[in-house]
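Undergrad: For reference, the file structure_1.cif (mmCIF, C-alpha atoms) is included below:
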data_coords
loop_
_atom_site.label_atom_id
_atom_site.label_comp_id
_atom_site.auth_asym_id
_atom_site.auth_seq_id
_atom_site.Cartn_x
_atom_site.Cartn_y
_atom_site.Cartn_z
CA MET A 1 116.99 100.56 85.88
CA THR A 2 116.40 99.26 82.41
CA ALA A 3 119.10 100.41 80.06
CA ALA A 4 119.38 99.08 76.56
CA VAL A 5 123.13 99.57 76.23
CA LEU A 6 124.39 99.70 72.64
CA SER A 7 120.82 99.52 71.38
CA ILE A 8 121.72 101.28 68.14
CA VAL A 9 124.82 101.81 66.05
CA THR A 10 124.18 104.78 63.79
CA LEU A 11 126.31 105.09 60.68
CA GLY A 12 126.78 108.49 59.10
CA VAL A 13 126.22 108.21 55.36
CA ASP A 14 126.57 110.51 52.37
CA ASP A 15 123.73 109.07 50.31
CA LEU A 16 120.92 107.49 52.28
CA ALA A 17 119.34 105.78 49.26
CA ARG A 18 122.65 104.22 48.28
CA SER A 19 123.34 102.96 51.80
CA PHE A 20 119.79 101.72 52.22
CA ALA A 21 120.13 99.70 49.00
CA PHE A 22 123.47 98.33 50.18
CA TYR A 23 122.21 97.04 53.53
CA GLU A 24 119.03 95.71 52.01
CA ALA A 25 121.13 93.80 49.47
CA LEU A 26 123.07 92.32 52.38
CA GLY A 27 119.78 90.84 53.53
CA LEU A 28 119.08 93.03 56.54
CA GLU A 29 115.51 93.67 57.62
CA ARG A 30 114.35 97.29 57.54
CA CYS A 31 112.19 98.42 60.47
CA THR A 32 108.77 99.72 59.47
CA SER A 33 109.31 102.79 61.65
CA SER A 34 112.08 103.98 59.31
CA GLN A 35 111.55 107.47 57.98
CA ASP A 36 112.70 109.51 55.03
CA GLU A 37 115.67 110.96 56.90
CA ILE A 38 116.65 107.96 59.02
CA VAL A 39 116.50 104.24 58.36
CA TRP A 40 116.63 101.49 60.98
CA PHE A 41 117.70 97.94 60.27
CA ARG A 42 117.05 95.04 62.64
CA THR A 43 119.89 92.64 63.46
CA PRO A 44 120.08 89.88 66.09
CA HIS A 45 122.22 92.28 68.12
CA SER A 46 122.10 96.08 67.93
CA TYR A 47 119.92 97.98 65.49
CA ILE A 48 121.69 99.80 62.68
CA GLY A 49 120.68 103.38 62.00
CA LEU A 50 121.54 105.15 58.75
CA PHE A 51 121.55 108.93 58.95
CA GLY A 52 123.20 111.73 56.99
CA ARG A 53 126.79 112.09 58.14
CA ASP A 54 126.66 115.84 58.67
CA GLU A 55 123.28 115.66 60.40
CA LEU A 56 124.60 112.91 62.68
CA ALA A 57 127.63 114.99 63.64
CA GLN A 58 125.35 117.96 64.25
CA ASP A 59 123.05 115.87 66.45
CA ALA A 60 126.05 114.84 68.53
CA ALA A 61 127.36 118.42 68.60
CA ILE A 62 130.62 117.36 66.95
CA GLU A 63 132.34 119.14 64.06
CA PRO A 64 131.90 116.81 61.09
CA GLY A 65 135.43 117.77 59.99
CA GLY A 66 137.50 115.98 57.42
CA ARG A 67 137.63 112.25 57.05
CA THR A 68 140.26 109.62 57.40
CA ALA A 69 140.14 106.13 55.98
CA PHE A 70 139.82 104.74 59.50
CA GLY A 71 137.09 106.03 61.79
CA GLY A 72 138.38 104.07 64.78
CA VAL A 73 135.50 101.57 64.88
CA THR A 74 134.90 98.19 63.27
CA LEU A 75 131.66 96.20 63.16
CA ALA A 76 131.51 92.42 63.03
CA ILE A 77 129.39 89.70 61.50
CA ASN A 78 130.16 86.33 63.03
CA VAL A 79 129.24 83.22 61.08
CA SER A 80 129.26 79.53 61.89
CA SER A 81 131.58 78.23 59.17
CA GLU A 82 134.26 79.29 56.70
CA GLY A 83 131.92 78.55 53.84
CA GLU A 84 129.33 80.87 55.26
CA ALA A 85 131.98 83.56 55.66
CA ASP A 86 132.80 83.16 51.96
CA GLU A 87 129.10 83.51 51.07
CA TRP A 88 128.72 86.67 53.14
CA PHE A 89 131.83 88.22 51.67
CA GLU A 90 130.66 87.53 48.13
CA ARG A 91 127.25 88.95 48.93
CA ALA A 92 128.84 92.13 50.31
CA LEU A 93 130.97 92.56 47.19
CA ALA A 94 127.95 91.97 44.97
CA ALA A 95 126.14 94.68 46.96
CA GLY A 96 128.95 97.11 46.17
CA ALA A 97 131.32 96.76 49.13
CA ASP A 98 135.03 97.42 48.75
CA VAL A 99 137.52 94.78 49.84
CA LEU A 100 139.65 95.84 52.75
CA LYS A 101 141.14 92.41 53.47
CA ARG A 102 140.23 89.14 51.80
CA LEU A 103 139.13 86.30 54.05
CA GLU A 104 142.09 84.36 55.40
CA LYS A 105 143.06 82.03 58.22
CA THR A 106 143.94 84.00 61.32
CA SER A 107 146.55 83.64 64.03
CA TRP A 108 143.77 82.94 66.55
CA GLY A 109 142.57 79.85 64.69
CA GLY A 110 139.70 81.47 62.85
CA TYR A 111 138.89 82.88 59.44
CA SER A 112 138.41 86.60 58.91
CA GLY A 113 138.20 89.34 56.31
CA TYR A 114 137.02 92.94 56.11
CA PHE A 115 134.95 94.95 53.69
CA ALA A 116 133.99 98.64 53.60
CA ASP A 117 130.43 99.81 53.09
CA PRO A 118 129.74 102.68 50.63
CA ASP A 119 130.86 105.24 53.24
CA GLY A 120 133.96 103.36 54.30
CA HIS A 121 132.54 101.88 57.50
CA ALA A 122 134.58 98.74 58.16
CA TRP A 123 132.86 95.38 58.63
CA GLU A 124 134.63 92.19 59.60
CA ILE A 125 133.28 88.83 58.54
CA ALA A 126 134.63 86.23 60.93
CA HIS A 127 134.33 82.60 61.85
CA ASN A 128 135.66 81.85 65.30
CA PRO A 129 135.44 78.08 65.90
CA SER A 130 135.63 78.54 69.69
CA TRP A 131 132.52 80.75 69.83
CA THR A 132 128.92 79.65 69.41
CA ILE A 133 125.97 81.30 67.70
CA GLY A 134 122.56 80.58 69.19
CA ASP A 135 119.35 79.70 67.39
CA ASP A 136 118.38 83.35 67.86
CA GLY A 137 121.30 84.33 65.63
CA ARG A 138 123.20 85.88 68.50
CA LEU A 139 126.87 85.33 69.18
CA VAL A 140 127.86 84.13 72.66
CA ILE A 141 131.25 85.26 73.94
CA PRO A 142 132.25 83.46 77.15
CA MET B 1 122.82 80.09 57.56
CA THR B 2 123.40 81.41 61.02
CA ALA B 3 124.92 84.84 60.92
CA ALA B 4 125.32 86.93 64.02
CA VAL B 5 125.14 90.30 62.28
CA LEU B 6 126.64 93.15 64.29
CA SER B 7 127.80 90.71 66.95
CA ILE B 8 130.63 93.00 68.03
CA VAL B 9 131.41 96.70 67.87
CA THR B 10 135.15 97.08 68.35
CA LEU B 11 136.42 100.45 69.50
CA GLY B 12 140.00 101.42 68.75
CA VAL B 13 141.60 102.83 71.89
CA ASP B 14 144.90 104.48 72.79
CA ASP B 15 145.18 103.14 76.33
CA LEU B 16 143.46 99.83 76.95
CA ALA B 17 143.71 100.08 80.76
CA ARG B 18 142.12 103.54 80.73
CA SER B 19 139.28 102.45 78.45
CA PHE B 20 138.73 99.25 80.41
CA ALA B 21 138.39 101.28 83.62
CA PHE B 22 135.98 103.66 81.90
CA TYR B 23 133.58 100.99 80.66
CA GLU B 24 133.78 99.08 83.92
CA ALA B 25 132.87 102.28 85.76
CA LEU B 26 129.87 102.60 83.45
CA GLY B 27 128.73 99.27 84.87
CA LEU B 28 129.37 97.03 81.89
CA GLU B 29 130.16 93.36 82.42
CA ARG B 30 133.56 92.18 81.20
CA CYS B 31 133.63 88.80 79.49
CA THR B 32 135.89 86.24 81.15
CA SER B 33 137.43 85.43 77.78
CA SER B 34 138.96 88.91 77.61
CA GLN B 35 142.71 88.90 77.09
CA ASP B 36 145.61 91.24 77.72
CA GLU B 37 145.39 92.78 74.25
CA ILE B 38 141.63 92.75 73.73
CA VAL B 39 138.76 93.18 76.14
CA TRP B 40 135.14 92.18 75.53
CA PHE B 41 132.17 93.67 77.33
CA ARG B 42 128.70 92.12 77.33
CA THR B 43 125.68 94.30 76.62
CA PRO B 44 122.05 93.32 75.98
CA HIS B 45 122.75 94.01 72.31
CA SER B 46 126.16 93.77 70.62
CA TYR B 47 129.36 92.98 72.46
CA ILE B 48 131.87 95.80 72.80
CA GLY B 49 135.48 95.05 71.97
CA LEU B 50 138.32 97.29 73.07
CA PHE B 51 141.51 96.95 71.04
CA GLY B 52 144.50 99.17 70.32
CA ARG B 53 143.55 101.69 67.65
CA ASP B 54 146.58 101.07 65.44
CA GLU B 55 146.31 97.30 65.81
CA LEU B 56 142.62 97.48 64.91
CA ALA B 57 143.36 99.49 61.78
CA GLN B 58 146.09 97.03 60.89
CA ASP B 59 143.74 94.07 61.39
CA ALA B 60 141.29 95.69 58.98
CA ALA B 61 144.09 96.56 56.53
CA ILE B 62 143.27 100.28 56.79
CA GLU B 63 145.79 103.08 57.22
CA PRO B 64 145.23 104.34 60.77
CA GLY B 65 145.86 107.87 59.48
CA GLY B 66 145.08 111.05 61.31
CA ARG B 67 141.99 111.61 63.37
CA THR B 68 139.04 113.88 63.21
CA ALA B 69 136.69 114.69 66.06
CA PHE B 70 133.93 112.75 64.32
CA GLY B 71 134.54 109.17 63.27
CA GLY B 72 131.22 108.90 61.44
CA VAL B 73 129.59 106.52 63.93
CA THR B 74 127.53 107.02 67.08
CA LEU B 75 126.51 104.41 69.66
CA ALA B 76 123.33 104.58 71.69
CA ILE B 77 122.13 103.67 75.16
CA ASN B 78 118.34 103.80 75.37
CA VAL B 79 116.74 104.16 78.76
CA SER B 80 113.19 104.02 80.01
CA SER B 81 112.83 107.46 81.60
CA GLU B 82 114.34 110.93 81.64
CA GLY B 83 115.48 110.39 85.20
CA GLU B 84 117.37 107.30 84.18
CA ALA B 85 118.98 109.23 81.32
CA ASP B 86 120.16 111.80 83.86
CA GLU B 87 121.62 109.04 86.05
CA TRP B 88 123.48 107.47 83.12
CA PHE B 89 124.86 110.79 81.99
CA GLU B 90 126.14 111.59 85.47
CA ARG B 91 127.69 108.16 85.74
CA ALA B 92 129.47 108.64 82.41
CA LEU B 93 130.85 112.01 83.51
CA ALA B 94 131.97 110.54 86.82
CA ALA B 95 133.77 107.82 84.85
CA GLY B 96 135.66 110.47 82.90
CA ALA B 97 133.52 111.08 79.82
CA ASP B 98 133.51 114.43 78.07
CA VAL B 99 130.23 116.21 77.45
CA LEU B 100 129.38 116.55 73.78
CA LYS B 101 125.79 117.68 74.30
CA ARG B 102 123.91 117.93 77.57
CA LEU B 103 120.63 116.05 77.84
CA GLU B 104 117.73 118.04 76.45
CA LYS B 105 114.22 117.63 75.10
CA THR B 106 114.32 116.69 71.44
CA SER B 107 112.23 117.61 68.42
CA TRP B 108 111.05 113.98 68.20
CA GLY B 109 109.47 114.08 71.64
CA GLY B 110 112.29 112.43 73.52
CA TYR B 111 115.24 113.34 75.70
CA SER B 112 118.80 112.96 74.46
CA GLY B 113 122.41 113.91 75.09
CA TYR B 114 125.85 112.77 73.99
CA PHE B 115 129.13 112.06 75.72
CA ALA B 116 132.55 111.04 74.38
CA ASP B 117 134.52 108.14 75.81
CA PRO B 118 138.27 108.59 76.50
CA ASP B 119 139.06 108.10 72.79
CA GLY B 120 136.31 110.36 71.53
CA HIS B 121 133.85 107.63 70.56
CA ALA B 122 130.42 109.27 70.70
CA TRP B 123 127.66 107.76 72.83
CA GLU B 124 124.09 108.99 72.90
CA ILE B 125 121.94 108.57 75.99
CA ALA B 126 118.32 108.69 74.90
CA HIS B 127 114.83 108.21 76.18
CA ASN B 128 112.32 107.70 73.41
CA PRO B 129 108.82 107.44 74.94
CA SER B 130 107.43 105.68 71.86
CA TRP B 131 109.91 102.78 72.07
CA THR B 132 109.88 99.94 74.59
CA ILE B 133 112.70 98.15 76.37
CA GLY B 134 112.09 94.51 77.21
CA ASP B 135 112.81 92.69 80.45
CA ASP B 136 115.95 91.40 78.75
CA GLY B 137 117.23 94.97 78.53
CA ARG B 138 116.85 95.09 74.78
CA LEU B 139 115.31 97.93 72.86
CA VAL B 140 112.49 97.12 70.46
CA ILE B 141 112.18 99.35 67.39
CA PRO B 142 108.95 98.72 65.47
#
Would you give me this structure, written as structure tokens?
TA:
Amino acid sequence: MTAAVLSIVTLGVDDLARSFAFYEALGLERCTSSQDEIVWFRTPHSYIGLFGRDELAQDAAIEPGGRTAFGGVTLAINVSSEGEADEWFERALAAGADVLKRLEKTSWGGYSGYFADPDGHAWEIAHNPSWTIGDDGRLVIP
Amino acid sequence: MTAAVLSIVTLGVDDLARSFAFYEALGLERCTSSQDEIVWFRTPHSYIGLFGRDELAQDAAIEPGGRTAFGGVTLAINVSSEGEADEWFERALAAGADVLKRLEKTSWGGYSGYFADPDGHAWEIAHNPSWTIGDDGRLVIP
């Protein structure tokens, strides 16, 4: 059994060109196998897929329905210092992200903030001093 | 700069014990650093976090608001054969998942279906014959 669990996180988007530009401005690497209707980005962890929101709901056989501010999921970017968190947050804002919560010291001894991508998908930028990030750019949670 | 992009996908849940049991029944490995309020699961790609839905919204400074069937995000498990997809789907149903779409041949030459976890988070089980999965259990998208 070879199962690539959580291989892809697909984000439903309203404007593929806008979202593509946003994630490219964040510095993510687009996969060459991306197509007109679906874009893949490579990360050290899961791949990110961008796909039309209604088409994604249809593919999953779910009613696209109305929207709420909170979709029930958050995505994280862990960095190795507070300064790097600041840099990432600024880069996200420059790319057009909305601030959900400015970076601040947290109760768990770290440093964290949240931004929303053009479709409202919530991303946390976090530095957790008790976790390590390998040379492969992958977080290690004990 | 060492940034672990998409290090964690945190799922807001209504009943942490129920969701913990579900993902354990799927065969995922719980991280020892899990706590009473938040559970981490290891996957070959991103980590999965389970956290109370309202607390997660609060952490991200978003109004938890009402819910719709579709949260705008889907998560994928890629497998290396149709038979393995069948096995995963059956395991998910046995663990208490709801069927969103039964496994079927797809227009892109693969085999795909969707289930919903206890909180309605949508997971796709897919076999894409043109993609490879490494010995480390990680999907490779060209």
Undergrad: With a cut-off of 8 Å and counting only C-alpha atoms, select all residues of chain B in contact with chain A and give the selection as a ChimeraX atom specification.
TA: /B:1-13,31-33,43-46,53,56-57,60-80,84,100-101,113-114,122,124,133,135,137-139,141-142
Undergrad: Put those residues in a file: C-alpha atoms, as a CSV table (one decimal), keeping the file's coordinate frame.
TA:
chain,number,residue,atom,x,y,z
B,1,MET,CA,122.8,80.1,57.6
B,2,THR,CA,123.4,81.4,61.0
B,3,ALA,CA,124.9,84.8,60.9
B,4,ALA,CA,125.3,86.9,64.0
B,5,VAL,CA,125.1,90.3,62.3
B,6,LEU,CA,126.6,93.2,64.3
B,7,SER,CA,127.8,90.7,67.0
B,8,ILE,CA,130.6,93.0,68.0
B,9,VAL,CA,131.4,96.7,67.9
B,10,THR,CA,135.2,97.1,68.4
B,11,LEU,CA,136.4,100.4,69.5
B,12,GLY,CA,140.0,101.4,68.8
B,13,VAL,CA,141.6,102.8,71.9
B,31,CYS,CA,133.6,88.8,79.5
B,32,THR,CA,135.9,86.2,81.2
B,33,SER,CA,137.4,85.4,77.8
B,43,THR,CA,125.7,94.3,76.6
B,44,PRO,CA,122.0,93.3,76.0
B,45,HIS,CA,122.8,94.0,72.3
B,46,SER,CA,126.2,93.8,70.6
B,53,ARG,CA,143.6,101.7,67.6
B,56,LEU,CA,142.6,97.5,64.9
B,57,ALA,CA,143.4,99.5,61.8
B,60,ALA,CA,141.3,95.7,59.0
B,61,ALA,CA,144.1,96.6,56.5
B,62,ILE,CA,143.3,100.3,56.8
B,63,GLU,CA,145.8,103.1,57.2
B,64,PRO,CA,145.2,104.3,60.8
B,65,GLY,CA,145.9,107.9,59.5
B,66,GLY,CA,145.1,111.0,61.3
B,67,ARG,CA,142.0,111.6,63.4
B,68,THR,CA,139.0,113.9,63.2
B,69,ALA,CA,136.7,114.7,66.1
B,70,PHE,CA,133.9,112.8,64.3
B,71,GLY,CA,134.5,109.2,63.3
B,72,GLY,CA,131.2,108.9,61.4
B,73,VAL,CA,129.6,106.5,63.9
B,74,THR,CA,127.5,107.0,67.1
B,75,LEU,CA,126.5,104.4,69.7
B,76,ALA,CA,123.3,104.6,71.7
B,77,ILE,CA,122.1,103.7,75.2
B,78,ASN,CA,118.3,103.8,75.4
B,79,VAL,CA,116.7,104.2,78.8
B,80,SER,CA,113.2,104.0,80.0
B,84,GLU,CA,117.4,107.3,84.2
B,100,LEU,CA,129.4,116.6,73.8
B,101,LYS,CA,125.8,117.7,74.3
B,113,GLY,CA,122.4,113.9,75.1
B,114,TYR,CA,125.8,112.8,74.0
B,122,ALA,CA,130.4,109.3,70.7
B,124,GLU,CA,124.1,109.0,72.9
B,133,ILE,CA,112.7,98.2,76.4
B,135,ASP,CA,112.8,92.7,80.4
B,137,GLY,CA,117.2,95.0,78.5
B,138,ARG,CA,116.8,95.1,74.8
B,139,LEU,CA,115.3,97.9,72.9
B,141,ILE,CA,112.2,99.4,67.4
B,142,PRO,CA,109.0,98.7,65.5
Undergrad: Figure out the distance between atom CA of A:Pro118 and atom CA of A:Ser19, please, to one decimal in Å.
TA: 6.5 Å
Undergrad: In Å, with one decimal, what is the gap from atom CA of A:Asn128 to atom CA of A:Ala92?
TA: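 Distance between the two atoms: 19.4 Å.
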Undergrad: What does the distance from atom CA of A:Arg18 to atom CA of A:Gly96 come to in Å, to one decimal?
TA: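 Going from atom CA of A:Arg18 over to atom CA of A:Gly96, I get 9.7 Å.
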Undergrad: Complete the atom set of stretch 42-67 of chain A to N, CA and C atoms and return it as a compact mmCIF listing (two decimals), in the coordinates of the input.
TA:
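What ended up in out.txt:
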# COMPACT_ATOMS: atom_id res chain seq x y z
N ARG A 42 117.06 95.97 61.51
CA ARG A 42 117.05 95.04 62.64
C ARG A 42 118.17 94.02 62.45
N THR A 43 118.93 93.75 63.48
CA THR A 43 119.89 92.64 63.46
C THR A 43 119.65 91.82 64.73
N PRO A 44 120.26 90.66 64.84
CA PRO A 44 120.08 89.88 66.09
C PRO A 44 120.70 90.60 67.29
N HIS A 45 121.55 91.55 67.04
CA HIS A 45 122.22 92.28 68.12
C HIS A 45 121.69 93.72 68.12
N SER A 46 122.54 94.68 67.94
CA SER A 46 122.10 96.08 67.93
C SER A 46 121.35 96.41 66.64
N TYR A 47 120.51 97.43 66.71
CA TYR A 47 119.92 97.98 65.49
C TYR A 47 120.98 98.82 64.77
N ILE A 48 120.85 98.90 63.46
CA ILE A 48 121.69 99.80 62.68
C ILE A 48 120.83 100.99 62.26
N GLY A 49 121.33 102.18 62.51
CA GLY A 49 120.68 103.38 62.00
C GLY A 49 121.52 103.94 60.86
N LEU A 50 120.86 104.43 59.83
CA LEU A 50 121.54 105.15 58.75
C LEU A 50 121.02 106.58 58.76
N PHE A 51 121.94 107.53 58.81
CA PHE A 51 121.55 108.93 58.95
C PHE A 51 122.61 109.76 58.23
N GLY A 52 122.23 110.87 57.68
CA GLY A 52 123.20 111.73 56.99
C GLY A 52 124.38 112.03 57.90
N ARG A 53 125.59 111.94 57.32
CA ARG A 53 126.79 112.09 58.14
C ARG A 53 126.85 113.46 58.82
N ASP A 54 126.58 114.51 58.08
CA ASP A 54 126.66 115.84 58.67
C ASP A 54 125.57 116.05 59.72
N GLU A 55 124.38 115.53 59.44
CA GLU A 55 123.28 115.66 60.40
C GLU A 55 123.60 114.87 61.68
N LEU A 56 124.25 113.72 61.51
CA LEU A 56 124.60 112.91 62.68
C LEU A 56 125.63 113.65 63.54
N ALA A 57 126.63 114.21 62.89
CA ALA A 57 127.63 114.99 63.64
C ALA A 57 126.95 116.15 64.35
N GLN A 58 126.05 116.81 63.65
CA GLN A 58 125.35 117.96 64.25
C GLN A 58 124.54 117.51 65.46
N ASP A 59 123.86 116.36 65.33
CA ASP A 59 123.05 115.87 66.45
C ASP A 59 123.91 115.61 67.67
N ALA A 60 125.14 115.14 67.43
CA ALA A 60 126.05 114.84 68.53
C ALA A 60 126.88 116.05 68.94
N ALA A 61 126.63 117.18 68.29
CA ALA A 61 127.36 118.42 68.60
C ALA A 61 128.86 118.27 68.38
N ILE A 62 129.21 117.55 67.31
CA ILE A 62 130.62 117.36 66.95
C ILE A 62 130.83 118.01 65.58
N GLU A 63 131.99 118.63 65.39
CA GLU A 63 132.34 119.14 64.06
C GLU A 63 132.49 117.96 63.11
N PRO A 64 131.77 117.96 61.99
CA PRO A 64 131.90 116.81 61.09
C PRO A 64 133.33 116.67 60.57
N GLY A 65 134.01 117.79 60.34
CA GLY A 65 135.43 117.77 59.99
C GLY A 65 135.76 116.98 58.75
N GLY A 66 137.04 116.80 58.54
CA GLY A 66 137.50 115.98 57.42
C GLY A 66 137.34 114.51 57.74
N ARG A 67 137.78 113.68 56.84
CA ARG A 67 137.63 112.25 57.05
C ARG A 67 138.97 111.58 56.92
